[in-house]
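K.L.:
This structure is in structure tokens; I'll ask about it shortly.
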Number of protein chains: 2
Amino acid sequence: MTDMNQTPPAASLAEGIAAELRDRITGGILRPGQRLSEAALAADLVVSRNTLREVFRLLTREGLLTHLPNRGVSVAVPSMAAVLDIYRVRRLIEVPAIANARPRHPAIGAMAAAMAAAQDARGRGDWQGVGSANMRFHAAIVELADSPRLTSFFAQLTAELRLAFGLIDDPQELHGSFIDTNADLLAALQAGDTQGAADRLTAYLDQSERLVLEAFARIELR
Amino acid sequence: MTDMNQTPPAASLAEGIAAELRDRITGGILRPGQRLSEAALAADLVVSRNTLREVFRLLTREGLLTHLPNRGVSVAVPSMAAVLDIYRVRRLIEVPAIANARPRHPAIGAMAAAMAAAQDARGRGDWQGVGSANMRFHAAIVELADSPRLTSFFAQLTAELRLAFGLIDDPQELHGSFIDTNADLLAALQAGDTQGAADRLTAYLDQSERLVLEAFARIELR
DNA sequence: CTGGCAATATTGTTGAACAATGCATCTATA
DNA sequence: TATAGATGCATTGTTCAACAATATTGCCAG
């Protein structure tokens, strides 16, 4: 068996390039606000300008890029308003998803897996990895709702939120403290205590939002 | 003042074409399942294939088109699963939006305007117009939540749902009976009775979903 | 300094070209 | 006759080069 890991062959070239760019953006290689020249980036990615433009349209719709007519695209700059909005929507989606979770839902397994990955990454001091695993944990929470549309919408929110995370200097403070809280949440859920799980989730969201906003406030000052 | 109605100048050509196609699809000119040939449609819309492809990517992401690699795009065929999913998400979004509505929120004005438009269209026997106004009514409900991301997500759901409406023969049955229910809802909301409004909304969603699903069942039989 | 203007770079859009893929048709064989 | 394989055709996938439309930059005059 050849390597079928990590990257599903990417149906089309544009899809693949979109994934690549998404990684570069959420991974911090491309910084928020950075201008993306069509010609330069096309050459760098070895695709034609036309194909790259298709990708730009995709990512703009996802909120990762900002498009100003006749002035090109740049990496979106997350605002406080955006962060507030994203957390508001997260509450609206995640809390009911947990509260109404069916007891043996398969997504609970995915949550446990993400949790294990987070603990592992913490052991290695890989805070970026902790952040990714944490996002997967919450994506799994949304999957409890069994709604494909909600799942894909949430994936979008997640990508945008990672953009904001990227602006924050200290990822340990941001992601590190939540592993234990989330472990509690998972335990409550596995024990069938959906209300307890929902409460912990709410607490997590409040605290995480506060951390991000505080970090933002610090940044906007300087 | 020249005509600045209906169509905001459409920032880019692609945006404009996207809007045009969206109208043709939700308006029923393009039927679900219909194959869209790049060459033919590009000629028809008087744009290049490249530009049209950008548009295809947009609408595919919105759920209005289906893309099969190397086999082109076609108008999405709504499934029962899609309808169920959409209504589930609508409940999740709209009900809290109403329940937590701030008393004098501007969106309430938009709701009233949509209501008036619906009544007017009913007077003319324009059931398609009633449907559009009804969708605007519910979009206004979502705006009560003051969340741009929720608003744009809902717009997407709406477009997809209209696709399903298009499959239904009798639009009067579908949209006609709800005007009075929605009027009640609006009255309750204006009177500050958010709970009553939320209850009426829930009833509406249940009944509307049932109508659509029943019509679907009839269609799939034949 | 400041406003206006020309020169330049970038995006917006097109048309043509060719490779890759899927679909329909035809033919030869059992 | 039915079926598998081969062949050709139409469509999509992607690139390239060109030009128009729109910003941005730098320069010059006042």
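By convention here, the chains of the structure tokens are called A, B, ... in the order presented, each chain's residues are numbered starting at 1, and ligands are numbered starting at 1 in the order presented.
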Extract, using only C-alpha atoms (C1' of nucleotides), all DNA, RNA and protein residues at most 9 Å from DG13 in chain D, discarding same-chain residues fewer than 4 positions from it, and format them as a PyMOL selection string.
P.N.:
(chain A and resi 12-13) or (chain B and resi 70) or (chain C and resi 19-20)
K.L.:
I need the chosen residues saved as a PDB file, in the first residue's frame, with N, CA, C and O atoms (P, O5', C5', C4', C3', O3' and C1' of nucleotides).
P.N.:
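Below you can see part30.pdb, which holds the result:
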ATOM      1  N   SER A  12      -9.269  18.125  -7.280  1.00  0.00           N
ATOM      2  CA  SER A  12      -8.764  18.964  -8.355  1.00  0.00           C
ATOM      3  C   SER A  12      -7.548  19.734  -7.862  1.00  0.00           C
ATOM      4  O   SER A  12      -7.289  19.827  -6.664  1.00  0.00           O
ATOM      5  N   LEU A  13      -6.824  20.279  -8.813  1.00  0.00           N
ATOM      6  CA  LEU A  13      -5.648  21.060  -8.465  1.00  0.00           C
ATOM      7  C   LEU A  13      -6.040  22.233  -7.583  1.00  0.00           C
ATOM      8  O   LEU A  13      -5.404  22.508  -6.562  1.00  0.00           O
TER       9      LEU A  13
ATOM     10  N   ASN B  70     -14.171  16.224 -13.489  1.00  0.00           N
ATOM     11  CA  ASN B  70     -14.106  15.795 -14.892  1.00  0.00           C
ATOM     12  C   ASN B  70     -15.480  15.525 -15.511  1.00  0.00           C
ATOM     13  O   ASN B  70     -15.554  15.057 -16.636  1.00  0.00           O
TER      14      ASN B  70
ATOM     15  P    DA C  19      -1.123  18.020 -26.034  1.00  0.00           P
ATOM     16  O5'  DA C  19      -1.189  17.462 -24.540  1.00  0.00           O
ATOM     17  C5'  DA C  19      -0.782  18.300 -23.454  1.00  0.00           C
ATOM     18  C4'  DA C  19      -1.514  17.883 -22.187  1.00  0.00           C
ATOM     19  C3'  DA C  19      -1.725  16.378 -22.035  1.00  0.00           C
ATOM     20  O3'  DA C  19      -1.553  16.043 -20.669  1.00  0.00           O
ATOM     21  C1'  DA C  19      -3.821  17.476 -22.054  1.00  0.00           C
ATOM     22  P    DA C  20      -1.645  14.517 -20.194  1.00  0.00           P
ATOM     23  O5'  DA C  20      -3.112  14.436 -19.598  1.00  0.00           O
ATOM     24  C5'  DA C  20      -3.469  15.279 -18.520  1.00  0.00           C
ATOM     25  C4'  DA C  20      -4.865  14.929 -18.039  1.00  0.00           C
ATOM     26  C3'  DA C  20      -5.141  13.430 -17.905  1.00  0.00           C
ATOM     27  O3'  DA C  20      -5.847  13.234 -16.692  1.00  0.00           O
ATOM     28  C1'  DA C  20      -6.748  14.412 -19.347  1.00  0.00           C
TER      29       DA C  20
END
K.L.:
Report as a tab-separated table the residues of chain B within 8 Å of chain C, each with its shortest atom pair and distance in Å (one decimal), using only C-alpha atoms (C1' of nucleotides), ordered by chain and increasing residue number.
P.N.:
residue	atom	partner	partner_atom	distance
B:Ser48	CA	C:DT14	C1'	6.1
B:Thr51	CA	C:DT13	C1'	7.4
B:Asn70	CA	C:DT21	C1'	6.1
B:Arg71	CA	C:DG22	C1'	7.2
K.L.:
Could you please take those selected residues and save all heavy atoms as a PDB file, in the first residue's frame?
P.N.:
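Final output, part38.pdb:
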ATOM      1  N   SER B  48     -16.288  34.630 -20.222  1.00  0.00           N
ATOM      2  CA  SER B  48     -15.349  33.591 -20.627  1.00  0.00           C
ATOM      3  C   SER B  48     -15.523  32.361 -19.737  1.00  0.00           C
ATOM      4  O   SER B  48     -16.078  32.433 -18.642  1.00  0.00           O
ATOM      5  CB  SER B  48     -13.925  34.096 -20.501  1.00  0.00           C
ATOM      6  OG  SER B  48     -13.540  34.143 -19.154  1.00  0.00           O
ATOM      7  N   THR B  51     -13.968  32.854 -16.237  1.00  0.00           N
ATOM      8  CA  THR B  51     -14.791  33.594 -15.283  1.00  0.00           C
ATOM      9  C   THR B  51     -15.933  32.726 -14.775  1.00  0.00           C
ATOM     10  O   THR B  51     -16.220  32.688 -13.569  1.00  0.00           O
ATOM     11  CB  THR B  51     -15.347  34.855 -15.955  1.00  0.00           C
ATOM     12  OG1 THR B  51     -14.260  35.663 -16.390  1.00  0.00           O
ATOM     13  CG2 THR B  51     -16.195  35.646 -14.991  1.00  0.00           C
ATOM     14  N   ASN B  70     -14.171  16.224 -13.489  1.00  0.00           N
ATOM     15  CA  ASN B  70     -14.106  15.795 -14.892  1.00  0.00           C
ATOM     16  C   ASN B  70     -15.480  15.525 -15.511  1.00  0.00           C
ATOM     17  O   ASN B  70     -15.554  15.057 -16.636  1.00  0.00           O
ATOM     18  CB  ASN B  70     -13.240  14.538 -15.045  1.00  0.00           C
ATOM     19  CG  ASN B  70     -11.792  14.849 -14.808  1.00  0.00           C
ATOM     20  OD1 ASN B  70     -11.266  15.809 -15.348  1.00  0.00           O
ATOM     21  ND2 ASN B  70     -11.144  14.065 -13.968  1.00  0.00           N
ATOM     22  N   ARG B  71     -16.536  15.794 -14.764  1.00  0.00           N
ATOM     23  CA  ARG B  71     -17.850  15.565 -15.346  1.00  0.00           C
ATOM     24  C   ARG B  71     -18.724  16.801 -15.245  1.00  0.00           C
ATOM     25  O   ARG B  71     -19.904  16.748 -15.568  1.00  0.00           O
ATOM     26  CB  ARG B  71     -18.524  14.373 -14.679  1.00  0.00           C
ATOM     27  CG  ARG B  71     -17.688  13.121 -14.846  1.00  0.00           C
ATOM     28  CD  ARG B  71     -18.545  11.922 -14.956  1.00  0.00           C
ATOM     29  NE  ARG B  71     -18.651  11.244 -13.681  1.00  0.00           N
ATOM     30  CZ  ARG B  71     -19.746  10.648 -13.241  1.00  0.00           C
ATOM     31  NH1 ARG B  71     -20.842  10.680 -13.961  1.00  0.00           N
ATOM     32  NH2 ARG B  71     -19.766  10.049 -12.082  1.00  0.00           N
TER      33      ARG B  71
END
K.L.:
When you get a sec, could you note down which chain A residues fall within 12 Å of chain B, using only C-alpha atoms, as a ChimeraX atom specification?
P.N.:
/A:10-15,18,48-63,67-72,81-97,100,145-154,156-157,160
K.L.:
Taking only C-alpha atoms (C1' of nucleotides) into account, which of B:Ala140, B:Ala113, B:Leu161, B:Ala40 comes nearest chain D?
P.N.:
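Closest candidate: B:Ala40.
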K.L.:
List every residue of range 49-131 of chain B that DSSP, applied to the backbone of this structure, places in strand (DSSP E), and write the result as a ChimeraX atom specification.
P.N.:
/B:65-68,72-75
K.L.:
Deliver the residues from the most recent selection as a file, using C-alpha atoms, as a compact mmCIF listing (two decimals), in the first residue's frame.
P.N.:
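The result, stored in out_25.txt:
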# COMPACT_ATOMS: atom_id res chain seq x y z
CA LEU B 65 -24.35 23.41 -7.57
CA THR B 66 -22.85 19.95 -7.52
CA HIS B 67 -19.43 19.41 -8.96
CA LEU B 68 -18.22 16.02 -10.15
CA GLY B 72 -18.88 19.12 -14.82
CA VAL B 73 -21.37 20.83 -12.60
CA SER B 74 -25.11 20.49 -12.34
CA VAL B 75 -27.79 22.16 -10.31
K.L.:
Could you please determine the separation between CA of Gln34 in chain B and CA of Ser79 in chain B in Å, to one decimal place?
P.N.:
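Calculated distance between CA of Gln34 in chain B and CA of Ser79 in chain B is 15.0 Å.
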